Each structure stands twice: as C-alpha cells, then as structure tokens.
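What follows is coords-v5.txt (compact mmCIF, C-alpha atoms and all ligand atoms).
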```txt
# COMPACT_ATOMS: atom_id res chain seq x y z
CA MET A 287 168.61 109.44 33.45
CA LEU A 288 167.64 109.52 37.11
CA THR A 289 167.98 106.69 39.64
CA PHE A 290 167.37 106.28 43.37
CA PRO A 291 170.11 104.25 45.13
CA ASN A 292 168.58 102.77 48.28
CA ALA A 293 170.02 101.69 51.62
CA LYS A 294 170.22 98.16 53.03
CA ILE A 295 170.00 96.70 56.50
CA ASN A 296 171.71 93.61 57.87
CA LEU A 297 169.43 91.03 59.48
CA GLY A 298 172.04 89.34 61.67
CA LEU A 299 175.76 89.71 61.00
CA LEU A 300 178.37 87.14 62.00
CA ILE A 301 182.03 87.87 61.40
CA THR A 302 183.44 84.38 61.07
CA GLU A 303 187.14 84.75 60.23
CA LYS A 304 189.91 87.07 59.14
CA ARG A 305 191.04 86.36 55.58
CA THR A 306 194.56 86.33 54.23
CA ASP A 307 193.74 89.45 52.15
CA GLY A 308 193.01 91.41 55.35
CA PHE A 309 189.24 91.39 54.87
CA HIS A 310 186.80 89.32 56.93
CA ASN A 311 184.42 86.52 55.98
CA LEU A 312 180.90 87.12 57.17
CA GLN A 313 177.39 85.70 57.14
CA SER A 314 174.43 88.03 56.99
CA CYS A 315 171.09 88.62 55.34
CA PHE A 316 171.09 91.89 53.40
CA TYR A 317 167.64 93.43 52.97
CA PRO A 318 166.88 96.55 50.85
CA VAL A 319 165.10 99.51 52.51
CA GLY A 320 163.46 102.54 50.93
CA TRP A 321 165.73 105.35 52.23
CA THR A 322 167.33 106.62 49.02
CA ASP A 323 169.79 109.05 47.46
CA MET A 324 169.18 110.53 44.01
CA LEU A 325 171.68 110.13 41.18
CA GLU A 326 171.30 111.82 37.80
CA VAL A 327 173.53 111.20 34.79
CA ILE A 328 173.19 113.20 31.58
CA SER A 329 175.40 113.41 28.50
CA ALA A 330 177.64 116.51 28.49
CA GLU A 331 180.59 118.12 26.67
CA ASN A 332 182.97 117.35 29.54
CA PHE A 333 182.90 114.99 32.49
CA SER A 334 181.80 116.52 35.80
CA PHE A 335 180.59 115.32 39.19
CA SER A 336 178.74 117.40 41.75
CA SER A 337 176.81 116.66 44.90
CA SER A 338 174.26 118.30 47.16
CA GLY A 339 172.49 117.30 50.36
CA LEU A 340 174.65 115.71 53.08
CA PRO A 341 178.32 116.65 52.75
CA ILE A 342 180.44 113.70 51.58
CA PRO A 343 183.90 113.48 53.18
CA GLY A 344 186.85 113.25 50.79
CA ASN A 345 187.62 114.55 47.35
CA ALA A 346 184.86 114.46 44.71
CA SER A 347 187.26 112.69 42.32
CA THR A 348 187.25 109.66 44.64
CA ASN A 349 183.48 109.52 44.96
CA LEU A 350 182.25 106.00 44.32
CA CYS A 351 180.01 107.27 41.47
CA VAL A 352 183.08 108.68 39.72
CA ARG A 353 185.02 105.48 40.34
CA ALA A 354 182.14 103.47 38.84
CA TYR A 355 182.20 105.64 35.70
CA GLU A 356 185.99 105.33 35.37
CA LEU A 357 185.86 101.56 35.81
CA VAL A 358 183.37 101.14 32.97
CA LYS A 359 185.09 103.76 30.80
CA ALA A 360 188.31 101.71 30.93
CA ASP A 361 186.49 98.97 28.97
CA PHE A 362 183.89 100.88 26.92
CA ASP A 363 183.87 103.98 24.78
CA LEU A 364 181.69 105.99 27.18
CA PRO A 365 180.89 109.61 26.28
CA PRO A 366 181.50 112.36 28.86
CA VAL A 367 178.67 112.80 31.33
CA GLN A 368 177.51 115.19 33.99
CA MET A 369 176.78 113.29 37.24
CA HIS A 370 174.89 114.79 40.13
CA LEU A 371 174.36 112.99 43.42
CA HIS A 372 171.88 114.30 45.98
CA LYS A 373 173.04 112.62 49.19
CA ILE A 374 170.32 111.76 51.68
CA VAL A 375 171.31 108.40 53.20
CA PRO A 376 173.65 108.99 56.18
CA ILE A 377 177.33 108.16 55.72
CA GLY A 378 179.31 105.83 57.99
CA ALA A 379 175.94 104.48 58.97
CA GLY A 380 176.03 100.75 58.21
CA LEU A 381 173.44 101.32 55.49
CA GLY A 382 175.70 100.75 52.49
CA GLY A 383 174.82 104.16 51.05
CA GLY A 384 178.07 104.76 49.16
CA SER A 385 178.03 101.19 47.87
CA ALA A 386 174.48 101.65 46.57
CA ASP A 387 175.49 104.84 44.74
CA ALA A 388 178.31 102.93 43.03
CA ALA A 389 176.15 99.95 42.05
CA PHE A 390 173.31 102.14 40.77
CA ALA A 391 175.82 104.21 38.77
CA LEU A 392 177.00 100.99 37.08
CA LYS A 393 173.41 99.92 36.33
CA LEU A 394 172.47 103.35 35.06
CA LEU A 395 175.49 103.59 32.70
CA ASN A 396 174.71 100.08 31.43
CA GLU A 397 171.15 101.10 30.60
CA GLN A 398 171.76 104.66 29.38
CA PHE A 399 174.51 103.63 26.97
CA THR A 400 173.09 100.15 26.13
CA LEU A 401 176.30 98.38 27.10
CA GLY A 402 174.59 94.98 27.37
CA LEU A 403 176.31 94.03 30.64
CA SER A 404 174.84 90.97 32.39
CA VAL A 405 174.04 90.84 36.12
CA SER A 406 177.19 88.80 36.80
CA HIS A 407 179.32 91.22 34.76
CA LEU A 408 177.87 94.19 36.69
CA GLN A 409 178.52 92.33 39.97
CA ALA A 410 182.14 91.78 38.95
CA TYR A 411 182.59 95.53 38.41
CA ALA A 412 180.79 96.23 41.70
CA ARG A 413 183.11 93.92 43.69
CA LYS A 414 186.02 96.11 42.61
CA LEU A 415 184.38 99.13 44.24
CA GLY A 416 183.52 97.70 47.68
CA SER A 417 182.37 94.60 49.49
CA ASP A 418 178.75 95.75 49.85
CA CYS A 419 178.40 96.98 46.26
CA ALA A 420 177.56 93.73 44.48
CA PHE A 421 174.42 93.23 46.59
CA PHE A 422 172.85 96.37 45.12
CA ILE A 423 173.04 95.06 41.54
CA GLU A 424 170.11 92.69 42.07
CA ASN A 425 169.01 94.60 45.19
CA LYS A 426 166.81 91.84 46.60
CA PRO A 427 166.95 90.07 49.98
CA ALA A 428 169.98 87.75 49.96
CA TYR A 429 171.99 85.59 52.34
CA CYS A 430 175.53 86.88 51.94
CA LEU A 431 178.80 85.04 52.51
CA GLU A 432 182.55 85.63 52.22
CA LYS A 433 183.22 89.42 52.01
CA GLY A 434 179.46 90.01 51.77
CA ASP A 435 179.70 89.73 47.99
CA VAL A 436 178.72 86.09 47.42
CA PHE A 437 175.01 85.38 47.53
CA GLU A 438 172.61 82.56 48.31
CA GLU A 439 168.86 82.67 47.87
CA ILE A 440 166.84 83.10 51.05
CA ALA A 441 163.06 82.90 51.28
CA LEU A 442 162.40 85.87 53.52
CA ASP A 443 159.57 88.27 52.92
CA LEU A 444 159.06 91.09 55.43
CA SER A 445 156.57 93.00 53.29
CA GLY A 446 153.73 94.15 55.53
CA TYR A 447 156.15 95.17 58.31
CA TYR A 448 157.28 98.74 59.02
CA ILE A 449 160.81 99.89 59.73
CA LEU A 450 162.21 102.82 61.69
CA LEU A 451 165.87 103.64 61.06
CA VAL A 452 167.69 105.82 63.59
CA TYR A 453 171.04 107.42 62.73
CA PRO A 454 172.36 109.09 65.91
CA ASN A 455 174.57 111.59 64.03
CA LEU A 456 177.59 109.46 64.73
CA ALA A 457 179.73 108.29 61.80
CA ILE A 458 181.51 104.99 62.38
CA SER A 459 184.22 104.04 59.90
CA THR A 460 183.76 100.53 58.53
CA ALA A 461 187.52 99.86 58.56
CA GLU A 462 187.82 100.87 62.23
CA ALA A 463 184.83 98.78 63.22
CA TYR A 464 186.38 95.71 61.57
CA ALA A 465 189.76 96.44 63.20
CA ASN A 466 188.18 96.03 66.66
CA ILE A 467 186.28 92.82 66.03
CA ARG A 468 187.20 89.32 67.15
CA PRO A 469 185.99 86.83 64.50
CA ARG A 470 184.43 83.60 65.70
CA LYS A 471 183.01 80.47 64.15
CA PRO A 472 179.20 80.54 64.45
CA GLU A 473 177.78 78.11 66.99
CA GLN A 474 174.33 78.20 65.43
CA SER A 475 173.02 78.75 61.92
CA LEU A 476 171.93 82.36 61.27
CA ARG A 477 170.15 81.19 58.14
CA LYS A 478 168.09 78.71 60.21
CA HIS A 479 167.19 81.36 62.80
CA LEU A 480 166.04 83.76 60.07
CA GLN A 481 163.59 81.13 58.83
CA GLU A 482 161.90 81.10 62.25
CA PRO A 483 159.18 83.63 63.23
CA ILE A 484 160.46 87.22 63.58
CA GLU A 485 159.27 87.27 67.22
CA THR A 486 162.06 84.78 68.04
CA TRP A 487 164.85 86.86 66.45
CA ARG A 488 165.40 89.03 69.54
CA GLN A 489 166.86 85.95 71.24
CA THR A 490 168.61 84.40 68.24
CA VAL A 491 169.62 86.91 65.53
CA HIS A 492 172.66 89.00 66.48
CA ASN A 493 175.03 91.51 64.92
CA ASP A 494 178.62 90.85 66.09
CA PHE A 495 179.50 94.55 65.74
CA GLU A 496 177.12 95.34 68.62
CA THR A 497 179.41 93.44 71.01
CA SER A 498 182.46 95.48 70.02
CA LEU A 499 180.77 98.90 69.55
CA PHE A 500 178.04 99.13 72.23
CA PRO A 501 180.47 99.48 75.20
CA GLY A 502 182.14 102.54 73.60
CA TYR A 503 178.90 104.09 72.28
CA PRO A 504 176.16 103.59 74.93
CA VAL A 505 173.76 105.69 72.82
CA LEU A 506 173.47 102.72 70.43
CA SER A 507 172.16 100.28 73.03
CA GLU A 508 169.88 103.03 74.41
CA ILE A 509 168.29 103.48 70.97
CA LYS A 510 167.87 99.73 70.59
CA GLN A 511 166.11 99.54 73.98
CA GLN A 512 163.88 102.54 73.07
CA LEU A 513 162.86 100.79 69.85
CA TYR A 514 161.82 97.70 71.80
CA ASP A 515 160.03 99.91 74.36
CA SER A 516 158.13 101.47 71.40
CA GLY A 517 156.86 98.07 70.33
CA ALA A 518 159.46 96.80 67.85
CA VAL A 519 159.20 93.08 67.15
CA TYR A 520 162.91 93.09 66.35
CA ALA A 521 165.64 95.73 66.72
CA SER A 522 169.32 95.72 65.83
CA MET A 523 172.23 97.81 64.68
CA SER A 524 172.81 97.60 60.92
CA GLY A 525 176.21 96.58 59.55
CA SER A 526 179.15 98.25 61.25
CA GLY A 527 176.87 101.00 62.64
CA SER A 528 175.86 103.45 63.68
CA THR A 529 172.25 103.13 62.44
CA VAL A 530 169.94 101.12 64.69
CA TYR A 531 166.64 99.93 63.26
CA GLY A 532 163.38 98.57 64.61
CA ILE A 533 160.86 96.42 62.73
CA PHE A 534 157.23 96.93 63.69
CA ASN A 535 153.83 95.38 62.97
CA ALA A 536 152.26 98.84 62.50
CA PRO A 537 153.59 102.33 61.67
CA PRO A 538 155.50 103.38 64.83
CA LEU A 539 155.26 106.72 66.60
CA VAL A 540 158.78 108.18 66.62
CA PRO A 541 159.83 108.54 70.29
CA ASN A 542 160.72 112.10 71.43
CA GLN A 543 164.18 110.87 72.39
CA PHE A 544 164.99 110.61 68.66
CA SER A 545 164.10 114.23 67.82
CA ASP A 546 167.77 115.25 67.37
CA TYR A 547 168.61 112.22 65.21
CA ASN A 548 168.29 111.54 61.49
CA VAL A 549 165.39 109.08 61.26
CA TRP A 550 163.52 107.45 58.41
CA GLN A 551 160.49 105.22 58.47
CA GLY A 552 158.61 103.30 55.84
CA ARG A 553 157.32 99.92 54.78
CA LEU A 554 159.62 96.99 54.23
C1 LIG B 1 179.77 96.03 57.53
C2 LIG B 1 179.15 95.75 56.18
O1 LIG B 1 178.36 96.88 55.76
C3 LIG B 1 178.22 94.55 56.31
O2 LIG B 1 177.25 94.56 55.31
C4 LIG B 1 180.19 95.52 55.12
O3 LIG B 1 180.97 94.39 55.42
C5 LIG B 1 181.06 96.72 54.81
O4 LIG B 1 181.32 96.74 53.45
P1 LIG B 1 181.92 98.02 52.68
O5 LIG B 1 181.50 99.27 53.39
O6 LIG B 1 181.57 97.85 51.24
O7 LIG B 1 183.46 97.82 52.94
P2 LIG B 1 184.70 98.06 51.94
O8 LIG B 1 184.62 99.44 51.41
O9 LIG B 1 184.82 96.91 51.00
O10 LIG B 1 185.90 97.94 52.98
C6 LIG B 1 186.19 98.92 53.95
C7 LIG B 1 187.12 98.28 54.98
O11 LIG B 1 186.35 97.40 55.85
C8 LIG B 1 187.07 96.21 56.13
N1 LIG B 1 186.27 95.05 55.65
C9 LIG B 1 185.20 95.22 54.82
C10 LIG B 1 184.45 94.15 54.42
C11 LIG B 1 184.81 92.85 54.89
N2 LIG B 1 184.11 91.77 54.54
N3 LIG B 1 185.88 92.70 55.71
C12 LIG B 1 186.61 93.77 56.10
O12 LIG B 1 187.57 93.63 56.86
C13 LIG B 1 188.41 96.34 55.46
O13 LIG B 1 189.30 96.87 56.42
C14 LIG B 1 188.18 97.38 54.38
O14 LIG B 1 189.33 98.11 54.07
N1 LIG B 2 178.75 108.28 47.13
C1 LIG B 2 179.29 108.20 48.35
N2 LIG B 2 178.52 108.25 49.44
C2 LIG B 2 179.05 108.13 50.67
N3 LIG B 2 180.36 108.02 50.93
C3 LIG B 2 181.18 107.97 49.87
C4 LIG B 2 180.68 108.06 48.54
N4 LIG B 2 181.72 108.00 47.70
C5 LIG B 2 182.83 107.88 48.45
N5 LIG B 2 182.53 107.86 49.77
C6 LIG B 2 183.50 107.73 50.86
O1 LIG B 2 183.17 106.58 51.65
C7 LIG B 2 183.17 106.91 53.04
C8 LIG B 2 182.04 106.20 53.75
O2 LIG B 2 182.26 104.84 53.67
P1 LIG B 2 181.58 103.84 54.71
O3 LIG B 2 181.76 102.49 54.12
O4 LIG B 2 182.09 104.11 56.08
O5 LIG B 2 180.06 104.33 54.74
P2 LIG B 2 178.78 104.09 53.87
O6 LIG B 2 179.07 104.12 52.41
O7 LIG B 2 177.79 105.07 54.38
O8 LIG B 2 178.26 102.68 54.19
P3 LIG B 2 178.54 101.70 55.37
O9 LIG B 2 178.64 102.48 56.63
O10 LIG B 2 177.38 100.77 55.34
O11 LIG B 2 179.80 100.96 55.02
C9 LIG B 2 182.94 108.40 53.11
O12 LIG B 2 183.62 108.93 54.23
C10 LIG B 2 183.49 108.93 51.79
O13 LIG B 2 184.82 109.33 51.97
```

Spell out the structure here as structure tokens.
Ligand SMILES: C[C@](O)(CO)[C@H](O)COP(=O)(O)OP(=O)(O)OC[C@H]1O[C@@H](n2ccc(N)nc2=O)[C@H](O)[C@@H]1O
Ligand SMILES: Nc1ncnc2c1ncn2[C@@H]1O[C@H](COP(=O)(O)OP(=O)(O)OP(=O)(O)O)[C@@H](O)[C@H]1O
Amino acid sequence: MLTFPNAKINLGLLITEKRTDGFHNLQSCFYPVGWTDMLEVISAENFSFSSSGLPIPGNASTNLCVRAYELVKADFDLPPVQMHLHKIVPIGAGLGGGSADAAFALKLLNEQFTLGLSVSHLQAYARKLGSDCAFFIENKPAYCLEKGDVFEEIALDLSGYYILLVYPNLAISTAEAYANIRPRKPEQSLRKHLQEPIETWRQTVHNDFETSLFPGYPVLSEIKQQLYDSGAVYASMSGSGSTVYGIFNAPPLVPNQFSDYNVWQGRL
C-alpha cells in the first residue's frame, strides 16, 4: 500500500509556558499543505526499511516509520513488512515532515492489516512518537494546544489561496529552537485574530520562534520580506523553522532570489 504523508504549516505560534516535563505549551493553528513524501509498505519475508530522496540524518532503525511499526507490533500480531520512504519534504524545516511519516505509517498499518484502530487510538500511538504527530491522524486544520497534540475545532478555510514554501537549505533542530525561546502568556487571542480577514494577519498573527531565530539567521527575515514584496497577503516562518511561507491570492512567480532554495508551491 502506498501513502503520501504531507507537510503542515503553523498559522501563528505562541509558546505560552515551559512544562514540568521539559516540553512547552503552545497555541497554534496547524494547516495541512500538499508537499508530500511517499511511503510504501508491502508484506515481506523479513522486516526491512529503506529510503531514497533527501538523506535522513541518523540510523534507519530509529526512523519514525520504523518506530511506528514497532509501536503497533508491540500490541498486534503484525506480519513482517518491507517499508520504503521516498523523502521529499525538507528536514528540520518546521513542516512536521518526520511526524507526518510516522502518523501516516500508523494509519497505513491500521488499514492494510485491518486492525480496527479508532482515530483516538491512533492519536494515542502518535503522541508517543512526537508532539506534532497526532495532528496528522485527522490531518485537517485544527487549533492546537498543550504540546501541540490537543485539538480544538477552528472554522478556517483557505481553499482558493496559493502557498509558496521556501526552505533556505538550513536545518534548524526543533529541540535547539525551543531551548532558546522565552515563553510568555499571550496578551491577545490568536484564535480570535485567525477569525479576522487574512489581510489583517500581518499585524496580528505571529510566530514566537521568529523573535528568537531571525536575529541569528537574517536570511529568514529577508525571505519573509521578499514574499511580501512578491504580493503575499500573509507571510511567516512555519513552526521552529527554517521554512518561510507566503500565502497569495493568485499563483505567485517565484522570485529569482529563491533559485538556490528548495521551494514548493500549490493550492491551499
Ligand atoms: C515547533 C512545532 O513544529 C510546532 O508545530 C512542534 O512543537 C515541534 O514538534 P515535534 O517536532 O513533533 O517535536 P518533538 O519531536 O515532540 O520534540 C522535539 C524536542 O522539541 C522540544 N519541544 C517540542 C514540542 C513542545 N511542545 N515543546 C518542546 O519543548 C523538546 O525539547 C523536544 O525534545
Ligand atoms: N521519517 C523521517 N523524516 C525526517 N526526519 C526523521 C524521520 N525519522 C526520524 N527522523 C529524525 O528526526 C530529525 C528531524 O526532526 P525535526 O523535528 O527537527 O524535523 P522535521 O521532522 O522535519 O519536522 P519539524 O522541523 O517540523 O519538527 C532528523 O534529523 C532525523 O534524525
């Protein structure tokens, strides 16, 4: 069976407090985007995992797809499988790519081997693999709280808009980005701002990681400015970086300045 784990963007991201478990509570709207990896799982004599496309740092045995398989296998009599991941979504990019691979592996195993796992059961497995993972089980726009793994409905429909994602070939580790952040209680409601017209977001919808990362990586604020100069109605860094995205009313022309970067554009 073949599946296409997609990326996400964060529309606003407030880091509100450090938790006693070392993680941080946040508020953000997660929104799926169409930049995808490819993951194939077929039954086999022995278990194996391979990957192609972008090189994935670390040992294959710790790949999140393998960890997803092992997690389910601990509870179910899963047969051996051959897993192949073709990695396209940049890594250390704030796009949740690894988390999507893990969540889609869980969903695929559930379907392929008719395990009968419910959405909440799949989300419980996903939470064990990473904070961003649970979002990708339902994979629909959601207002996220706590570690980013507790969801509230949000009526937000950006279909009709276009997005340009710009990864400046700069991997930022999520753990390091969090280590340099100063949490703060929100003064205004992100949820309320997101319900207002997108043209107002430039003034009201912020990603707290921009404050801590932009001074050290000026290329990020340059890309954001170039996106606005190219006509974006809203532009921001996603997650803990380094991808910066712009949302447009019409398909954008990719500025020449981005020719050395890994870019993706499509409809929202
Ligand atoms: C920045 C975001 O992408 C926003 O959507 C996520 O919060 C990151 O989620 P993720 O990549 O799934 O992160 P995890 O793999 O769970 O954690 C990586 C590291 O990031 C830090 N971390 C992550 C999530 C969170 N809510 N608080 C944290 O402090 C922790 O140091 C953790 O060890
Ligand atoms: N399937 C996978 N895809 C990407 N990275 C993976 C995967 N499995 C394990 N990893 C490990 O996770 C690390 C990347 O984690 P990190 O959270 O920084 O990036 P990400 O998954 O691209 O998403 P984000 O930047 O949004 O958190 C890689 O360096 C790699 O060691």

Here CA of Phe534 in chain A and CA of Ile458 in chain A stand apart by 25.6 Å

query: Hey, can you pull every residue with an atom no more than 10 Å from (161.1, 104.6, 71.5), using only C-alpha atoms, and send it as a ChimeraX atom specification?
result: /A:508-518,532,538-544

Problem set entry | From A:His407, A:Arg477, A:Lys359, A:Lys373, residue lying nearest Ser338 in chain A [all atoms listed in the file] |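 When distances to Ser338 in chain A are compared using all atoms listed in the file, the smallest one comes from A:Lys373.
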
At a cut-off of 6 Å and counting only C-alpha atoms and all ligand atoms, what residues surround ligand LIG 2 (chain B)? Please answer as a ChimeraX atom specification. /A:342-344,349-351,376-385,387,459-460

* So which residues touch range 447-450 of chain A within 7 Å, counting only C-alpha atoms, skipping near sequence neighbours fewer than 6 positions away, as a list in words? ->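 Non-adjacent residues within range: Tyr531, Gly532, Ile533, Phe534, Asn535, Ala536, Pro537, Trp550, Gln551, Gly552, Arg553 and Leu554 of chain A.
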
Sel. within 9 Å of pt (177.8, 107.7, 40.1), counting only C-alpha atoms, output as a PDB file with C-alpha atoms, in the frame of the given file:
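Generated file (part.pdb):
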```pdb
ATOM      1  CA  LEU A 325     171.680 110.130  41.180  1.00  0.00           C
ATOM      2  CA  GLU A 326     171.300 111.820  37.800  1.00  0.00           C
ATOM      3  CA  VAL A 327     173.530 111.200  34.790  1.00  0.00           C
ATOM      4  CA  PHE A 335     180.590 115.320  39.190  1.00  0.00           C
ATOM      5  CA  ASN A 349     183.480 109.520  44.960  1.00  0.00           C
ATOM      6  CA  LEU A 350     182.250 106.000  44.320  1.00  0.00           C
ATOM      7  CA  CYS A 351     180.010 107.270  41.470  1.00  0.00           C
ATOM      8  CA  VAL A 352     183.080 108.680  39.720  1.00  0.00           C
ATOM      9  CA  ARG A 353     185.020 105.480  40.340  1.00  0.00           C
ATOM     10  CA  ALA A 354     182.140 103.470  38.840  1.00  0.00           C
ATOM     11  CA  TYR A 355     182.200 105.640  35.700  1.00  0.00           C
ATOM     12  CA  MET A 369     176.780 113.290  37.240  1.00  0.00           C
ATOM     13  CA  HIS A 370     174.890 114.790  40.130  1.00  0.00           C
ATOM     14  CA  LEU A 371     174.360 112.990  43.420  1.00  0.00           C
ATOM     15  CA  ASP A 387     175.490 104.840  44.740  1.00  0.00           C
ATOM     16  CA  ALA A 388     178.310 102.930  43.030  1.00  0.00           C
ATOM     17  CA  ALA A 389     176.150  99.950  42.050  1.00  0.00           C
ATOM     18  CA  PHE A 390     173.310 102.140  40.770  1.00  0.00           C
ATOM     19  CA  ALA A 391     175.820 104.210  38.770  1.00  0.00           C
ATOM     20  CA  LEU A 392     177.000 100.990  37.080  1.00  0.00           C
ATOM     21  CA  LEU A 394     172.470 103.350  35.060  1.00  0.00           C
ATOM     22  CA  LEU A 395     175.490 103.590  32.700  1.00  0.00           C
TER      23      LEU A 395
END
```

Please write out the residues within 9 Å of ligand LIG 1 (chain B) as a ChimeraX atom specification, counting all atoms listed in the file.
/A:294-296,299,301,304-305,307-316,378-385,413-420,430-435,459-465,495,524-527

Notebook entry, point to check: Could you pull the residues within 10 Å of range 472-474 of chain A, counting all atoms listed in the file, minus those fewer than 4 positions along the same chain, as a PyMOL selection string?
Noted result: chain A and resi 300-303+312-313+478-479+490-491

Mind checking which residues fall within 9 Å of Glu439 in chain A, counting only C-alpha atoms, ignoring those fewer than 4 positions away in the same chain, and posting them as a count of residues only? 4

Task: Two-atom distance - CA of Tyr503 in chain A, CA of Gly298 in chain A (Å) - done: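 Going from CA of Tyr503 in chain A over to CA of Gly298 in chain A covers 19.4 Å.
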
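Of note, CA of Asn345 in chain A and CA of Val319 in chain A are spaced 27.6 Å apart.
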
Q. For Leu476 in chain A, which residue among A:Ala360, A:Met287, A:Leu456, A:Leu297 is the nearest when counting all atoms listed in the file?
A.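 Under the stated criterion, the closest residue is A:Leu297.
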
Excluding Asn396 in chain A and any residue of its chain fewer than 6 positions from it, enumerate the residues within 10 Å of it, using only C-alpha atoms, and give them as an NGL selection string. :A and (358 or 390 or 402-404 or 408)

Inset, instruction - Write out as a count of residues only each polymer residue whose atoms come within 7 Å of Asn425 in chain A, counting all atoms listed in the file; drop sequence neighbours fewer than 3 positions from it. - result: 3

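Among the candidates A:Ser507, A:Ser406, A:Gln368, A:Thr529, the one nearest to Leu288 in chain A when counting all atoms listed in the file is A:Gln368.
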
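Across A:Asp494, A:Asp546, A:Trp487, A:Pro501, the tightest approach to Val519 in chain A is made by A:Trp487 when counting all atoms listed in the file.
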
Could you work out an axis-aligned bounding box for all listed atoms of range 508-522 of chain A, with 8 Å added on each of the six sides, and give its centre and edge lengths in Å to one decimal, as JSON?
```
{"center_x": 163.4, "center_y": 98.3, "center_z": 70.1, "size_x": 29.0, "size_y": 26.4, "size_z": 24.6}
```

Counting all atoms listed in the file, closest pick from A:Ile374, A:Val367, A:Ala410, A:Leu442 relative to Lys426 in chain A is A:Leu442

Missing atoms in range 327-353 of chain A: fill them in up to N, CA and C atoms and send the result as a JSON list (two decimals), keeping the file's coordinate frame.
```json
[["chain", "number", "residue", "atom", "x", "y", "z"],
["A", 327, "VAL", "N", 172.43, 111.22, 35.76],
["A", 327, "VAL", "CA", 173.53, 111.20, 34.79],
["A", 327, "VAL", "C", 172.98, 111.68, 33.45],
["A", 328, "ILE", "N", 173.60, 112.75, 32.92],
["A", 328, "ILE", "CA", 173.19, 113.20, 31.58],
["A", 328, "ILE", "C", 174.44, 113.40, 30.71],
["A", 329, "SER", "N", 174.27, 113.21, 29.41],
["A", 329, "SER", "CA", 175.40, 113.41, 28.50],
["A", 329, "SER", "C", 175.83, 114.87, 28.54],
["A", 330, "ALA", "N", 177.13, 115.13, 28.38],
["A", 330, "ALA", "CA", 177.64, 116.51, 28.49],
["A", 330, "ALA", "C", 178.90, 116.64, 27.62],
["A", 331, "GLU", "N", 179.37, 117.87, 27.47],
["A", 331, "GLU", "CA", 180.59, 118.12, 26.67],
["A", 331, "GLU", "C", 181.82, 117.58, 27.38],
["A", 332, "ASN", "N", 181.83, 117.78, 28.72],
["A", 332, "ASN", "CA", 182.97, 117.35, 29.54],
["A", 332, "ASN", "C", 182.46, 116.58, 30.74],
["A", 333, "PHE", "N", 183.32, 115.73, 31.30],
["A", 333, "PHE", "CA", 182.90, 114.99, 32.49],
["A", 333, "PHE", "C", 182.86, 115.93, 33.70],
["A", 334, "SER", "N", 181.82, 115.80, 34.53],
["A", 334, "SER", "CA", 181.80, 116.52, 35.80],
["A", 334, "SER", "C", 181.00, 115.72, 36.83],
["A", 335, "PHE", "N", 181.34, 115.94, 38.09],
["A", 335, "PHE", "CA", 180.59, 115.32, 39.19],
["A", 335, "PHE", "C", 180.30, 116.39, 40.22],
["A", 336, "SER", "N", 179.08, 116.46, 40.68],
["A", 336, "SER", "CA", 178.74, 117.40, 41.75],
["A", 336, "SER", "C", 177.82, 116.70, 42.73],
["A", 337, "SER", "N", 177.74, 117.25, 43.94],
["A", 337, "SER", "CA", 176.81, 116.66, 44.90],
["A", 337, "SER", "C", 176.15, 117.75, 45.72],
["A", 338, "SER", "N", 175.00, 117.41, 46.27],
["A", 338, "SER", "CA", 174.26, 118.30, 47.16],
["A", 338, "SER", "C", 173.73, 117.44, 48.30],
["A", 339, "GLY", "N", 173.01, 118.06, 49.23],
["A", 339, "GLY", "CA", 172.49, 117.30, 50.36],
["A", 339, "GLY", "C", 173.56, 117.13, 51.42],
["A", 340, "LEU", "N", 173.64, 115.94, 52.02],
["A", 340, "LEU", "CA", 174.65, 115.71, 53.08],
["A", 340, "LEU", "C", 176.05, 115.87, 52.51],
["A", 341, "PRO", "N", 176.94, 116.54, 53.24],
["A", 341, "PRO", "CA", 178.32, 116.65, 52.75],
["A", 341, "PRO", "C", 179.01, 115.28, 52.76],
["A", 342, "ILE", "N", 179.75, 114.99, 51.69],
["A", 342, "ILE", "CA", 180.44, 113.70, 51.58],
["A", 342, "ILE", "C", 181.92, 113.93, 51.85],
["A", 343, "PRO", "N", 182.48, 113.27, 52.89],
["A", 343, "PRO", "CA", 183.90, 113.48, 53.18],
["A", 343, "PRO", "C", 184.77, 113.02, 52.01],
["A", 344, "GLY", "N", 185.90, 113.67, 51.84],
["A", 344, "GLY", "CA", 186.85, 113.25, 50.79],
["A", 344, "GLY", "C", 186.66, 114.04, 49.52],
["A", 345, "ASN", "N", 187.60, 113.83, 48.61],
["A", 345, "ASN", "CA", 187.62, 114.55, 47.35],
["A", 345, "ASN", "C", 186.57, 114.00, 46.38],
["A", 346, "ALA", "N", 185.90, 114.90, 45.65],
["A", 346, "ALA", "CA", 184.86, 114.46, 44.71],
["A", 346, "ALA", "C", 185.42, 113.46, 43.68],
["A", 347, "SER", "N", 186.70, 113.58, 43.34],
["A", 347, "SER", "CA", 187.26, 112.69, 42.32],
["A", 347, "SER", "C", 187.33, 111.24, 42.80],
["A", 348, "THR", "N", 187.22, 111.04, 44.13],
["A", 348, "THR", "CA", 187.25, 109.66, 44.64],
["A", 348, "THR", "C", 185.84, 109.16, 45.00],
["A", 349, "ASN", "N", 184.83, 109.98, 44.66],
["A", 349, "ASN", "CA", 183.48, 109.52, 44.96],
["A", 349, "ASN", "C", 183.21, 108.20, 44.23],
["A", 350, "LEU", "N", 182.48, 107.34, 44.89],
["A", 350, "LEU", "CA", 182.25, 106.00, 44.32],
["A", 350, "LEU", "C", 181.50, 106.07, 42.99],
["A", 351, "CYS", "N", 180.71, 107.11, 42.77],
["A", 351, "CYS", "CA", 180.01, 107.27, 41.47],
["A", 351, "CYS", "C", 181.04, 107.54, 40.36],
["A", 352, "VAL", "N", 182.03, 108.36, 40.69],
["A", 352, "VAL", "CA", 183.08, 108.68, 39.72],
["A", 352, "VAL", "C", 183.92, 107.43, 39.44],
["A", 353, "ARG", "N", 184.21, 106.70, 40.52],
["A", 353, "ARG", "CA", 185.02, 105.48, 40.34],
["A", 353, "ARG", "C", 184.26, 104.45, 39.50]]
```
